[in-house]
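Student: Dropping in protein-v8.pdb, with PDB, C-alpha atoms.
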```
ATOM      1  CA  MET B  17       0.000   0.000   0.000  1.00  0.00           C
ATOM      2  CA  ILE B  18       1.366   3.394  -0.907  1.00  0.00           C
ATOM      3  CA  TRP B  19       0.759   6.552   1.082  1.00  0.00           C
ATOM      4  CA  GLN B  20      -0.874   8.361  -1.852  1.00  0.00           C
ATOM      5  CA  ASP B  21      -3.664   5.773  -1.887  1.00  0.00           C
ATOM      6  CA  ILE B  22      -4.404   6.482   1.775  1.00  0.00           C
ATOM      7  CA  VAL B  23      -4.399  10.267   1.338  1.00  0.00           C
ATOM      8  CA  ILE B  24      -6.635  10.140  -1.750  1.00  0.00           C
ATOM      9  CA  ALA B  25      -9.003   7.702  -0.045  1.00  0.00           C
ATOM     10  CA  ILE B  26      -9.309   9.847   3.096  1.00  0.00           C
ATOM     11  CA  ALA B  27     -10.037  12.974   1.039  1.00  0.00           C
ATOM     12  CA  ASN B  28     -12.653  11.071  -0.962  1.00  0.00           C
ATOM     13  CA  ILE B  29     -14.241   9.722   2.228  1.00  0.00           C
ATOM     14  CA  LEU B  30     -14.742  13.304   3.397  1.00  0.00           C
ATOM     15  CA  PHE B  31     -16.294  14.193   0.032  1.00  0.00           C
ATOM     16  CA  GLY B  32     -18.480  11.080   0.218  1.00  0.00           C
ATOM     17  CA  TYR B  33     -19.724  12.007   3.668  1.00  0.00           C
ATOM     18  CA  SER B  34     -21.025  15.353   2.457  1.00  0.00           C
ATOM     19  CA  LEU B  35     -22.520  13.755  -0.643  1.00  0.00           C
ATOM     20  CA  ALA B  36     -24.331  11.073   1.355  1.00  0.00           C
ATOM     21  CA  TYR B  37     -25.992  13.793   3.421  1.00  0.00           C
ATOM     22  CA  GLN B  38     -27.013  15.673   0.256  1.00  0.00           C
ATOM     23  CA  VAL B  39     -28.528  12.482  -1.195  1.00  0.00           C
ATOM     24  CA  PHE B  40     -30.437  11.895   2.057  1.00  0.00           C
ATOM     25  CA  ILE B  41     -31.802  15.465   2.021  1.00  0.00           C
ATOM     26  CA  GLY B  42     -32.871  15.024  -1.611  1.00  0.00           C
ATOM     27  CA  PHE B  43     -34.859  11.897  -0.768  1.00  0.00           C
ATOM     28  CA  LYS B  44     -36.327  13.502   2.354  1.00  0.00           C
ATOM     29  CA  HIS B  45     -37.542  16.662   0.608  1.00  0.00           C
ATOM     30  CA  LYS B  46     -38.224  15.013  -2.775  1.00  0.00           C
ATOM     31  CA  LYS B  47     -36.191  17.662  -4.596  1.00  0.00           C
ATOM     32  CA  GLY B  48     -33.196  17.569  -6.884  1.00  0.00           C
ATOM     33  CA  TYR B  49     -31.067  20.450  -5.674  1.00  0.00           C
ATOM     34  CA  LEU B  50     -28.200  20.313  -8.165  1.00  0.00           C
ATOM     35  CA  ALA B  51     -28.056  21.207 -11.837  1.00  0.00           C
ATOM     36  CA  LEU B  52     -28.287  18.297 -14.260  1.00  0.00           C
ATOM     37  CA  GLN B  53     -25.141  19.310 -16.096  1.00  0.00           C
ATOM     38  CA  ALA B  54     -23.063  19.532 -12.913  1.00  0.00           C
ATOM     39  CA  SER B  55     -24.169  16.167 -11.582  1.00  0.00           C
ATOM     40  CA  PHE B  56     -23.872  14.419 -14.959  1.00  0.00           C
ATOM     41  CA  PHE B  57     -20.324  15.554 -15.757  1.00  0.00           C
ATOM     42  CA  THR B  58     -19.140  15.028 -12.182  1.00  0.00           C
ATOM     43  CA  THR B  59     -20.492  11.457 -12.284  1.00  0.00           C
ATOM     44  CA  ILE B  60     -18.696  10.711 -15.557  1.00  0.00           C
ATOM     45  CA  GLY B  61     -15.486  12.321 -14.296  1.00  0.00           C
ATOM     46  CA  LEU B  62     -15.472  10.406 -11.020  1.00  0.00           C
ATOM     47  CA  TYR B  63     -16.026   7.073 -12.745  1.00  0.00           C
ATOM     48  CA  ALA B  64     -13.160   7.905 -15.139  1.00  0.00           C
ATOM     49  CA  ILE B  65     -10.908   8.795 -12.189  1.00  0.00           C
ATOM     50  CA  SER B  66     -11.941   5.556 -10.452  1.00  0.00           C
ATOM     51  CA  PHE B  67     -10.905   3.593 -13.515  1.00  0.00           C
ATOM     52  CA  CYS B  68      -7.532   5.377 -13.546  1.00  0.00           C
ATOM     53  CA  PHE B  69      -7.035   4.604  -9.856  1.00  0.00           C
ATOM     54  CA  TYR B  70      -7.877   0.968 -10.598  1.00  0.00           C
ATOM     55  CA  THR B  71      -5.277   0.771 -13.370  1.00  0.00           C
ATOM     56  CA  LEU B  72      -2.681   2.257 -10.999  1.00  0.00           C
ATOM     57  CA  GLY B  73      -3.474  -0.350  -8.345  1.00  0.00           C
ATOM     58  CA  LEU B  74      -4.873   2.185  -5.843  1.00  0.00           C
ATOM     59  CA  THR B  75      -7.488  -0.089  -4.314  1.00  0.00           C
ATOM     60  CA  PHE B  76      -8.926   2.131  -1.594  1.00  0.00           C
ATOM     61  CA  SER B  77      -9.028   5.179  -3.848  1.00  0.00           C
ATOM     62  CA  THR B  78     -10.850   3.147  -6.500  1.00  0.00           C
ATOM     63  CA  ILE B  79     -13.515   2.008  -4.052  1.00  0.00           C
ATOM     64  CA  VAL B  80     -14.125   5.394  -2.474  1.00  0.00           C
ATOM     65  CA  SER B  81     -14.066   7.237  -5.812  1.00  0.00           C
ATOM     66  CA  SER B  82     -16.592   4.792  -7.198  1.00  0.00           C
ATOM     67  CA  PHE B  83     -18.789   5.397  -4.150  1.00  0.00           C
ATOM     68  CA  ASN B  84     -18.596   9.159  -4.755  1.00  0.00           C
ATOM     69  CA  GLY B  85     -19.445   8.652  -8.416  1.00  0.00           C
ATOM     70  CA  THR B  86     -22.470   6.631  -7.366  1.00  0.00           C
ATOM     71  CA  MET B  87     -23.580   9.368  -4.952  1.00  0.00           C
ATOM     72  CA  TRP B  88     -23.374  11.914  -7.779  1.00  0.00           C
ATOM     73  CA  LEU B  89     -25.307   9.512 -10.019  1.00  0.00           C
ATOM     74  CA  ILE B  90     -28.055   9.342  -7.391  1.00  0.00           C
ATOM     75  CA  LEU B  91     -28.121  13.148  -7.242  1.00  0.00           C
ATOM     76  CA  PHE B  92     -28.469  13.194 -11.032  1.00  0.00           C
ATOM     77  CA  ILE B  93     -31.358  10.717 -10.860  1.00  0.00           C
ATOM     78  CA  GLN B  94     -33.011  12.737  -8.091  1.00  0.00           C
ATOM     79  CA  LYS B  95     -32.878  15.840 -10.262  1.00  0.00           C
ATOM     80  CA  MET B  96     -34.492  13.897 -13.120  1.00  0.00           C
ATOM     81  CA  LEU B  97     -37.245  12.460 -10.891  1.00  0.00           C
ATOM     82  CA  TYR B  98     -37.998  15.386  -8.581  1.00  0.00           C
ATOM     83  CA  LYS B  99     -38.257  18.273 -11.020  1.00  0.00           C
TER      84      LYS B  99
END
```
How would this structure read if it were set down as structure tokens?
Tutor:
Amino acid sequence: MIWQDIVIAIANILFGYSLAYQVFIGFKHKKGYLALQASFFTTIGLYAISFCFYTLGLTFSTIVSSFNGTMWLILFIQKMLYK
């Protein structure tokens, strides 16, 4: 395990924490708070970064980045459903 994997994973865990709360609020209030374009491109970007982390062998960063990408995907779906 290399130290960069740990640092990237910890930073992404902090991002994921805030995203999980935003997803929860979206479900609770039945509203999509973010712009479609922002959530769509962020989702695509995070999945691309996750793939890069995977190819570099950064296991923890891959997992946490994929989780963040999934949270952004849920925010995108919320925006589509709760117009």
Student: To one decimal place in Å, what is the distance between CA of Leu50 in chain B and CA of Ile65 in chain B?
Tutor: 21.2 Å
Student: For the structure provided, state which residues fall under the PyMOL selection byres ((chain B and resi 49) around 12), and present them as number ranges by chain.
Tutor: B: 35, 38-48, 50-52, 54-55, 88, 90-99
Student: Can you list, as a short mmCIF file (atom, residue, chain, number, x, y, z; two decimals) with C-alpha atoms, keeping the file's coordinate frame, the residues that the PyMOL selection byres ((chain B and resi 68-79) around 12) selects here?
Tutor:
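To be explicit, this is the file written out as result-v4.cif:
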```cif
data_model
loop_
_atom_site.label_atom_id
_atom_site.label_comp_id
_atom_site.auth_asym_id
_atom_site.auth_seq_id
_atom_site.Cartn_x
_atom_site.Cartn_y
_atom_site.Cartn_z
CA MET B 17 0.00 0.00 0.00
CA ILE B 18 1.37 3.39 -0.91
CA TRP B 19 0.76 6.55 1.08
CA GLN B 20 -0.87 8.36 -1.85
CA ASP B 21 -3.66 5.77 -1.89
CA ILE B 22 -4.40 6.48 1.78
CA VAL B 23 -4.40 10.27 1.34
CA ILE B 24 -6.64 10.14 -1.75
CA ALA B 25 -9.00 7.70 -0.04
CA ILE B 26 -9.31 9.85 3.10
CA ALA B 27 -10.04 12.97 1.04
CA ASN B 28 -12.65 11.07 -0.96
CA ILE B 29 -14.24 9.72 2.23
CA GLY B 32 -18.48 11.08 0.22
CA GLY B 61 -15.49 12.32 -14.30
CA LEU B 62 -15.47 10.41 -11.02
CA TYR B 63 -16.03 7.07 -12.74
CA ALA B 64 -13.16 7.90 -15.14
CA ILE B 65 -10.91 8.80 -12.19
CA SER B 66 -11.94 5.56 -10.45
CA PHE B 67 -10.90 3.59 -13.52
CA VAL B 80 -14.12 5.39 -2.47
CA SER B 81 -14.07 7.24 -5.81
CA SER B 82 -16.59 4.79 -7.20
CA PHE B 83 -18.79 5.40 -4.15
CA ASN B 84 -18.60 9.16 -4.76
CA GLY B 85 -19.44 8.65 -8.42
CA THR B 86 -22.47 6.63 -7.37
#
```
